[in-house]
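Remarks on the structure that follows.
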Amino acid sequence: MADRSSLDPNRLAPEAANPAVRDVMRTEVAFCLPSTPIDAIAKLMADNDLTELPVLIDRRPVGYVRSRDILDQYVEGSVELGGSDVVRPSVTDVLARDVLRTPPLLVDENSLLGEAAAVLRQAGRQLALVMHEDVRPVGMVTTREIAAHAAERLAAGAGLED
Amino acid sequence: MHVLSEIMEPLGAQCDPLDTLANILAPLLAQHPLPLLVVRDDGEILGSVGLEAVLPATERGLHRTRAGELLRPLPRLDGGQTALAAAREMVDAGAGAVLITEPVGGVFSRRSAPVGVVSEAQLLAEIGSNVVDKAPMKILAGHRDLGFNVPVSPCQRNCPIKQDIATYIDYVSQGRYVDSWMVIHETNPFPSMLGRLCNHPCETDCKRGWDPGEDPVTIRSIKRFSTDFAFKQGLWVDYKLAPAKGKRVCIVGAGPAGLTCALDLRVQGYDVVLLEREAKVGGLLSTSIPPFRFDHAQLQWELDMILATGIDVRTNTNVGTGPGDVRLEDLIDEFDAVFLTIGMMKGRILPVPGHDANQVIDAMRFLRIISYDRIPEHMVPGRTRVVCVGGGAIATDAVQSSIKLGCPEVWMCAIEPEDRLPAFGNELHEAKEIGLRLACGIIVKEIHKDASNNVTGVSFAPLEPLEFDPLTGKVIFSSVKEKPGVERVRVDCDYVIFASGQIMERPSEIAPVTPRGLLSADRGGHTSVPKLFSGGDCVQGPSFIVDAVGWGHRVARSIREFLGEDMEDDSFRLYQTVVERTDDHRQSEVFARTDPPILEASKRYDMSECELPWTDREAIVQSIRCFQCDSVHHYDQTVCVLCGACDDVCPEKAIDVVVFGEDRERSSGGDTLVCETSGGDPESGGYAGQIFINYDRCTNCRICEDHCPVNCITFERVRFVDDLMRVSERPALKPIPLAVAG
C-alpha cells in the first residue's frame, strides 16, 4: 500500500542522495507480449537502450526477455539480421514466450533508489519495473538511471551514498 | 552478408584499469551503449567496461571500485568477419562487445590494429532493423497527460458513470473476458444488472450508429456477456480498503445509489452504516424488478461483493416519523454525515371514482409483494382479469408478472399512442407475444365496483391526439383532452394495477423538499441542512439505474470533501493517459448488429429470464464492430513531411494537412492538433505546417496509417479516467469466498 510512505520519514522526505524511485525512473514502459517475435523485441531494446525487456499480459508483468537470449537465437540461426533493402514482414518464428525468463523484477514506486539498486544487484538484473500501488507498471528503472543519478551527484560535487 | 567493418562504431573513450568507477562514470554514460576500452599503460587493451559494472560497484562504493576489477572480455575479430561471428564470440566469451581490427602498415610491417567496436546493442539494432510490423511493439506511457487534446469516446462521454467502454469491449474482442469485467468494475458495481436493464445512453451516442444504415454497437449486452463469464467462473472483486478514517457515515436507503456511495466511502476507509426499511438490500433492484428481467443470483453476488467490504447493514429499519422509526434528526446528530437516498418507492393511485375498491393496488406494491415470492391479496391465478393503468417500464413489468402468475386476461391501458409509449419497445413486444392486450389513447375515468367493494371493471375516455415535448419526448399534459361526444370504453376486470407514477415519502420535516414533492439537493447531493446529503430518484424523480449509480459516486465525493479530504490534489482528477500504441486494424464493417436472443414465447409463461446469453463467437463478433474511438493518431513530428497523403486518402474527410504558404482546402472542421512540424525555413525551400483531425468524423479505419509514405502515423489507445466515477483503481480478483459461495 502507498501508505507505507506515511510511516517512514525517509520516504516522506528522501535525501537527494537517495531519492524515491519514482523521481528518477523512466516514465515510459517499453514492453512486449508473449506473442511478440524476437526481432521486434530486438528493435524495442535497441530503440530504448535496454538489455532486458519486460513481458506484460494486460499490463501485468509476467517475465522478461534478455538481450543475450536473442543473441543466442541469432547464433543458432533462429533469427536473421535484417536489411533496409529487404522488406519482409517477419524474419523469425521465435516468440517472446519461447525465451521468456521469470520472475519479473518489481519495485514499488515509493521505494528508494538505493533499495532498488540493491534489489537489481542481488538478482543480477539490469532492469526493474516500477509498480504503482495498484499493481500497474508506471515506469522502469535500469542501470542507466542509477548511473545517471550517481553521475549527477558526482558532478554536483555532492556526497554519494553508495 | 553483414561485414563487421560496415556496422562497427569508432573506438571511443578509453580508461586505465586503475581508474575508479567514479572517475569513468561520465564517459561511460556519454558513449553508452558502447563500452569503454580498458587500456594498460603499455597500450595493451585488456577488455571493456560498460554500464553493467555500475551495479556491482555500488556495493563497495564507486570511489573504491576500479575498472580493472569489473572488466569484461573483449574478443578481437577482423573487420572482414561477419556479424554472426561477432555474436558467436560474444556468447562464447560472455563479452558485451567485440573489438574490430584491420590490417595496417606495409607488407613487412603489416599487423592488425583495433579500429572499432561492435557492441551487443548494435547487433540487436541490426536484428530489428527489418521489423516493419510495429503491432507487437508496445510502449506504456505511464501517466502522460494529453491535456485533453483528444476527445473522449462518445459512448463514454454519454455514460452517466463514464465507463471505459472502448476498453472493455476491446478486451471482449480479444477473448479477455475477465479483464473486461474488471474494467467495468472500476466504475460500475452492478454490471450484471446494467448489462440487462440499462437504458444504455452509450448506444444512443455510439459513433457506429451515426452512419446512415448502421446500428450502434450492442454495448449493454457485451457488458452482460463478460459479467456472465465472471459469474460462471466464480470470481470475486477484492476491494482494497484504505486505512480507517475514523469518520462515520449513515446512508438511508440500500438501493443502487446508496450501495454505490457506501462502497465508495468504505473503500476510502470510512465506517458506513446502511439503513434499509425492506428485509433485503438492493432497493428497486430487489423489490421492483421481476426475476424474468435478470438473474437474481447474480444480483446477490454483486450485493455480497459490496457488503463484504464491511458495511454495517441494518435492514427492516425505517427512517421516518412513525412509531418505531429512526428519526432523521438523531442520525444527523450521531453521524458525521447522512446520505438520504430513499427513492420513490410508493406508487401513485389516481383519485378516480372507485379507486378505494379492494382490488386496486399500485404497481410498486404489487411488484414488491411478488419479489417476496407471494401472490398479492385478491389475485387468484388462473381467474383474475387484470387492467393496468400506465404505459411505462413499471407497467410492463406489472402486466408481464400478472400474465406469468396465470391471469387469463391482462390489459395495459395508456394515454399515449402505442408508438409513443414510454415502455422499452422490446419489453412491450415481449409482453404482447405472451398475451398482453393493449389499449392506447385512453384515460381512466372510473373504477366500477359491486356492493362488496370488489372491482368489476374500468371505464376509459378516448383522447384527442397528444402533443409531446420535442426535447424530453414526454407528453405535454395540457394537450390531454377527451374527445367530445365519444362514449367511454369499459373493460371488465377483477383487478386494477396503477402504474401511473411514484411518490417520494418524506422521512422528516427537516428534509428540504421542492415544489414537485422531491427532496431538494444539488447535483452533488448537498442540501441546505448541514451534514445532510441527498440524491437518486428522491431528488431527480424516477430515472434509470445507471443514473442512480452516478448519484452514488457523486455524493460519495461530496461527503469525502465535506469530511475534510482534499479533492483538488493530483490524485483525484480527470485525466487522459496513453496506454499503448496499437496496430489493431479491425474489420468492424463486416458484421451487423445483433441483440441477444429472447426465450421463445411459449416458454415465457414462468419467471425464467427472458434474455438469453450470447455465445463467445457472437460476443466477440459484436465487440469487433466497435470503432475503438479511444484510439487517436500519433504523428511522429520528426518524420512527417506534410505530404498530405493522409488528408487525400481519408474516406471520412476527417484530416486537414495545413502547409504554410500553400492554399490547401481545410474542410474537415476538426480542431484537434495532432502534428506540428517543419523541415527548414519555408522562405528558402523548407516546409512547415500542422495537421488537424475531426474526431467526430474519424472512424479509426487506419487507411491514413497504411498510406503514409514515411510511416509517421501510429495509433495510440487513450484511456480517459474520471476519478469521480471510480470505485477504485483496478481492484484485485479472487475466487468467491466459501462462506458466501455456500
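Ordering of the C-alpha cells sets the chain letters (A, B, ...), residue numbers begin anew at 1 in every chain, and ligands are numbered from 1 in the order given.
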
Subject >> chain A contacts to chain B at 6 Å (only C-alpha atoms) as a list in words >> reply: Thr27, Glu28, Val29, Ala30, Phe31, Cys32, Thr36, Asp39, Ala40, Ala42, Lys43, Ala46, Val75, Leu81, Gly82, Gly83, Arg121, Val138 and Asp162 of chain A

**OP:** Using only C-alpha atoms, determine which residues lie at most 10 Å from Val360 of chain B, disregarding the query and same-chain residues fewer than 5 positions distant; provide the list as an MDAnalysis selection string.
**Re:** chainID B and resid 349 354:355 366 378 387:388 447 454:455 494:498

**OP:** Please provide as number ranges by chain all residues within 9 Å of Glu665 of chain B, with the sequence filter that same-chain residues fewer than 6 positions apart are discarded (counting only C-alpha atoms).
**Re:** B: 656-658

Serialized selection, C-alpha atoms, as a PDB file, in the first residue's frame:
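So out04.pdb came out as:
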ATOM      1  CA  ASP B 656      -6.645  18.512 -42.670  1.00  0.00           C
ATOM      2  CA  VAL B 657      -2.995  18.990 -43.536  1.00  0.00           C
ATOM      3  CA  VAL B 658      -2.280  22.684 -43.410  1.00  0.00           C
TER       4      VAL B 658
END

Original post:
Hey, what's within 10 Å of segment 601-614 of chain B if we count only C-alpha atoms and toss same-chain stuff fewer than 4 positions away? As a PyMOL selection string, please?
Top reply: chain B and resi 196+221-222+224-225+228+290-296+400-406+427+430-435+595-597+618-620

Please produce a file of the residues just selected, as a PDB file, in the first residue's frame, where the atoms kept are C-alpha atoms.
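Just written: result_29.pdb:
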ATOM      1  CA  ARG B 196     -29.500  -6.237 -18.818  1.00  0.00           C
ATOM      2  CA  SER B 221     -25.113  -6.881 -23.934  1.00  0.00           C
ATOM      3  CA  ILE B 222     -21.325  -7.056 -24.243  1.00  0.00           C
ATOM      4  CA  ARG B 224     -23.613  -8.612 -19.680  1.00  0.00           C
ATOM      5  CA  PHE B 225     -21.551 -11.206 -21.506  1.00  0.00           C
ATOM      6  CA  ASP B 228     -21.901 -13.727 -17.016  1.00  0.00           C
ATOM      7  CA  PRO B 290     -39.209  -9.140 -11.500  1.00  0.00           C
ATOM      8  CA  PRO B 291     -36.841 -12.071 -11.957  1.00  0.00           C
ATOM      9  CA  PHE B 292     -37.619 -12.637 -15.632  1.00  0.00           C
ATOM     10  CA  ARG B 293     -35.611  -9.471 -16.323  1.00  0.00           C
ATOM     11  CA  PHE B 294     -32.414 -10.717 -14.741  1.00  0.00           C
ATOM     12  CA  ASP B 295     -30.735 -13.419 -12.716  1.00  0.00           C
ATOM     13  CA  HIS B 296     -31.304 -12.704  -9.025  1.00  0.00           C
ATOM     14  CA  GLN B 400     -45.925  -9.422 -17.604  1.00  0.00           C
ATOM     15  CA  SER B 401     -45.813 -10.548 -13.982  1.00  0.00           C
ATOM     16  CA  SER B 402     -49.609 -10.854 -13.967  1.00  0.00           C
ATOM     17  CA  ILE B 403     -49.556 -12.990 -17.111  1.00  0.00           C
ATOM     18  CA  LYS B 404     -46.793 -15.156 -15.652  1.00  0.00           C
ATOM     19  CA  LEU B 405     -48.847 -15.558 -12.469  1.00  0.00           C
ATOM     20  CA  GLY B 406     -51.562 -17.096 -14.604  1.00  0.00           C
ATOM     21  CA  GLU B 427     -40.268  -5.285 -23.393  1.00  0.00           C
ATOM     22  CA  GLU B 430     -42.258  -9.479 -25.345  1.00  0.00           C
ATOM     23  CA  ALA B 431     -45.392  -8.823 -23.293  1.00  0.00           C
ATOM     24  CA  LYS B 432     -47.623  -8.780 -26.357  1.00  0.00           C
ATOM     25  CA  GLU B 433     -46.145 -12.056 -27.518  1.00  0.00           C
ATOM     26  CA  ILE B 434     -47.393 -13.753 -24.373  1.00  0.00           C
ATOM     27  CA  GLY B 435     -50.875 -12.328 -24.495  1.00  0.00           C
ATOM     28  CA  ASP B 595     -29.095  -8.416 -29.965  1.00  0.00           C
ATOM     29  CA  PRO B 596     -29.122 -11.355 -27.578  1.00  0.00           C
ATOM     30  CA  PRO B 597     -31.816 -13.908 -28.366  1.00  0.00           C
ATOM     31  CA  GLU B 618     -21.425 -13.681 -31.030  1.00  0.00           C
ATOM     32  CA  ALA B 619     -19.948 -11.569 -28.231  1.00  0.00           C
ATOM     33  CA  ILE B 620     -16.590 -11.316 -29.991  1.00  0.00           C
TER      34      ILE B 620
END

**OP:** Take atom CA of Gly679 of chain B and atom CA of Ile713 of chain B and report the distance between them in Å, one decimal.
**Re:**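 If I compute the distance from atom CA of Gly679 of chain B to atom CA of Ile713 of chain B, I get 17.2 Å.
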
Considering only C-alpha atoms, return as a short mmCIF file (atom, residue, chain, number, x, y, z; two decimals) with N, CA and C atoms, in the first residue's frame whatever protein or nucleic-acid residues lie within 8 Å of Val21 of chain A, sequence-local ones (same chain, fewer than 4 positions apart) excluded.
data_model
loop_
_atom_site.label_atom_id
_atom_site.label_comp_id
_atom_site.auth_asym_id
_atom_site.auth_seq_id
_atom_site.Cartn_x
_atom_site.Cartn_y
_atom_site.Cartn_z
N MET A 25 12.88 7.38 -12.25
CA MET A 25 12.58 6.30 -13.20
C MET A 25 12.29 6.86 -14.59
N ASP A 108 8.54 -1.01 -5.88
CA ASP A 108 7.46 -0.05 -5.62
C ASP A 108 7.94 1.35 -6.00
N GLU A 109 7.03 2.14 -6.53
CA GLU A 109 7.45 3.48 -6.95
C GLU A 109 7.90 4.35 -5.77
N ASN A 110 7.46 3.99 -4.57
CA ASN A 110 7.85 4.78 -3.40
C ASN A 110 9.14 4.30 -2.76
N SER A 111 9.67 3.17 -3.25
CA SER A 111 10.90 2.69 -2.64
C SER A 111 12.06 3.62 -3.03
N LEU A 112 13.14 3.52 -2.28
CA LEU A 112 14.27 4.41 -2.51
C LEU A 112 15.20 3.82 -3.57
N LEU A 113 15.91 4.72 -4.24
CA LEU A 113 16.75 4.28 -5.34
C LEU A 113 17.82 3.29 -4.85
N ALA A 116 16.35 -0.06 -4.67
CA ALA A 116 16.14 -0.64 -6.00
C ALA A 116 17.47 -1.15 -6.56
N VAL A 130 8.83 -0.53 -12.32
CA VAL A 130 8.38 0.27 -11.18
C VAL A 130 6.85 0.20 -11.14
N VAL A 141 13.20 1.26 -14.02
CA VAL A 141 14.49 1.75 -13.55
C VAL A 141 15.55 0.74 -14.00
#

**OP:** List every residue of segment 287-387 of chain B that DSSP, applied to the backbone of this structure, assigns to alpha helix (DSSP H), and report them as a list of chain:residue names.
**Re:**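 Put together, the selection reads B:Thr287, B:His296, B:Ala297, B:Gln298, B:Leu299, B:Gln300, B:Trp301, B:Glu302, B:Leu303, B:Asp304, B:Met305, B:Ile306, B:Leu307, B:Leu328, B:Glu329, B:Asp330, B:Leu331, B:Ile332, B:Asp333, B:Glu334, B:Ala363, B:Met364, B:Arg365, B:Phe366, B:Leu367, B:Arg368, B:Ile369, B:Ile370, B:Ser371.
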
**OP:** Calculate how many Å separate atom CA of Gly343 of chain B from atom CA of Gln298 of chain B, rounding to one decimal.
**Re:** 22.3 Å

Original post:
Within 7 Å of segment 94-106 of chain A, counting only C-alpha atoms, which residues qualify if same-chain residues fewer than 3 places away don't, as JSON, numbers by chain?
Top reply: {"A": [34, 35, 36, 37, 38, 61, 62, 63, 64, 65, 69, 78, 128, 129, 130, 131]}

Could those residues be written to a file, using C-alpha atoms, as a PDB file, in the first residue's frame?
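File written: part-v1.pdb
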ATOM      1  CA  PRO A  34       4.369 -13.225 -25.053  1.00  0.00           C
ATOM      2  CA  SER A  35       3.432 -13.371 -28.728  1.00  0.00           C
ATOM      3  CA  THR A  36       5.953 -10.733 -29.834  1.00  0.00           C
ATOM      4  CA  PRO A  37       8.592 -12.057 -32.279  1.00  0.00           C
ATOM      5  CA  ILE A  38      12.134 -11.676 -31.008  1.00  0.00           C
ATOM      6  CA  PRO A  61       4.231  -8.321 -15.612  1.00  0.00           C
ATOM      7  CA  VAL A  62       4.794 -11.996 -16.314  1.00  0.00           C
ATOM      8  CA  GLY A  63       8.522 -12.125 -17.084  1.00  0.00           C
ATOM      9  CA  TYR A  64      11.281 -10.636 -19.177  1.00  0.00           C
ATOM     10  CA  VAL A  65      13.488 -11.296 -22.169  1.00  0.00           C
ATOM     11  CA  ASP A  69      18.916 -14.759 -25.257  1.00  0.00           C
ATOM     12  CA  SER A  78      16.592 -18.816 -35.444  1.00  0.00           C
ATOM     13  CA  ALA A 128      13.221  -3.459 -12.688  1.00  0.00           C
ATOM     14  CA  LEU A 129       9.637  -2.497 -13.400  1.00  0.00           C
ATOM     15  CA  VAL A 130       8.378   0.271 -11.185  1.00  0.00           C
ATOM     16  CA  MET A 131       4.922  -0.510  -9.902  1.00  0.00           C
TER      17      MET A 131
END
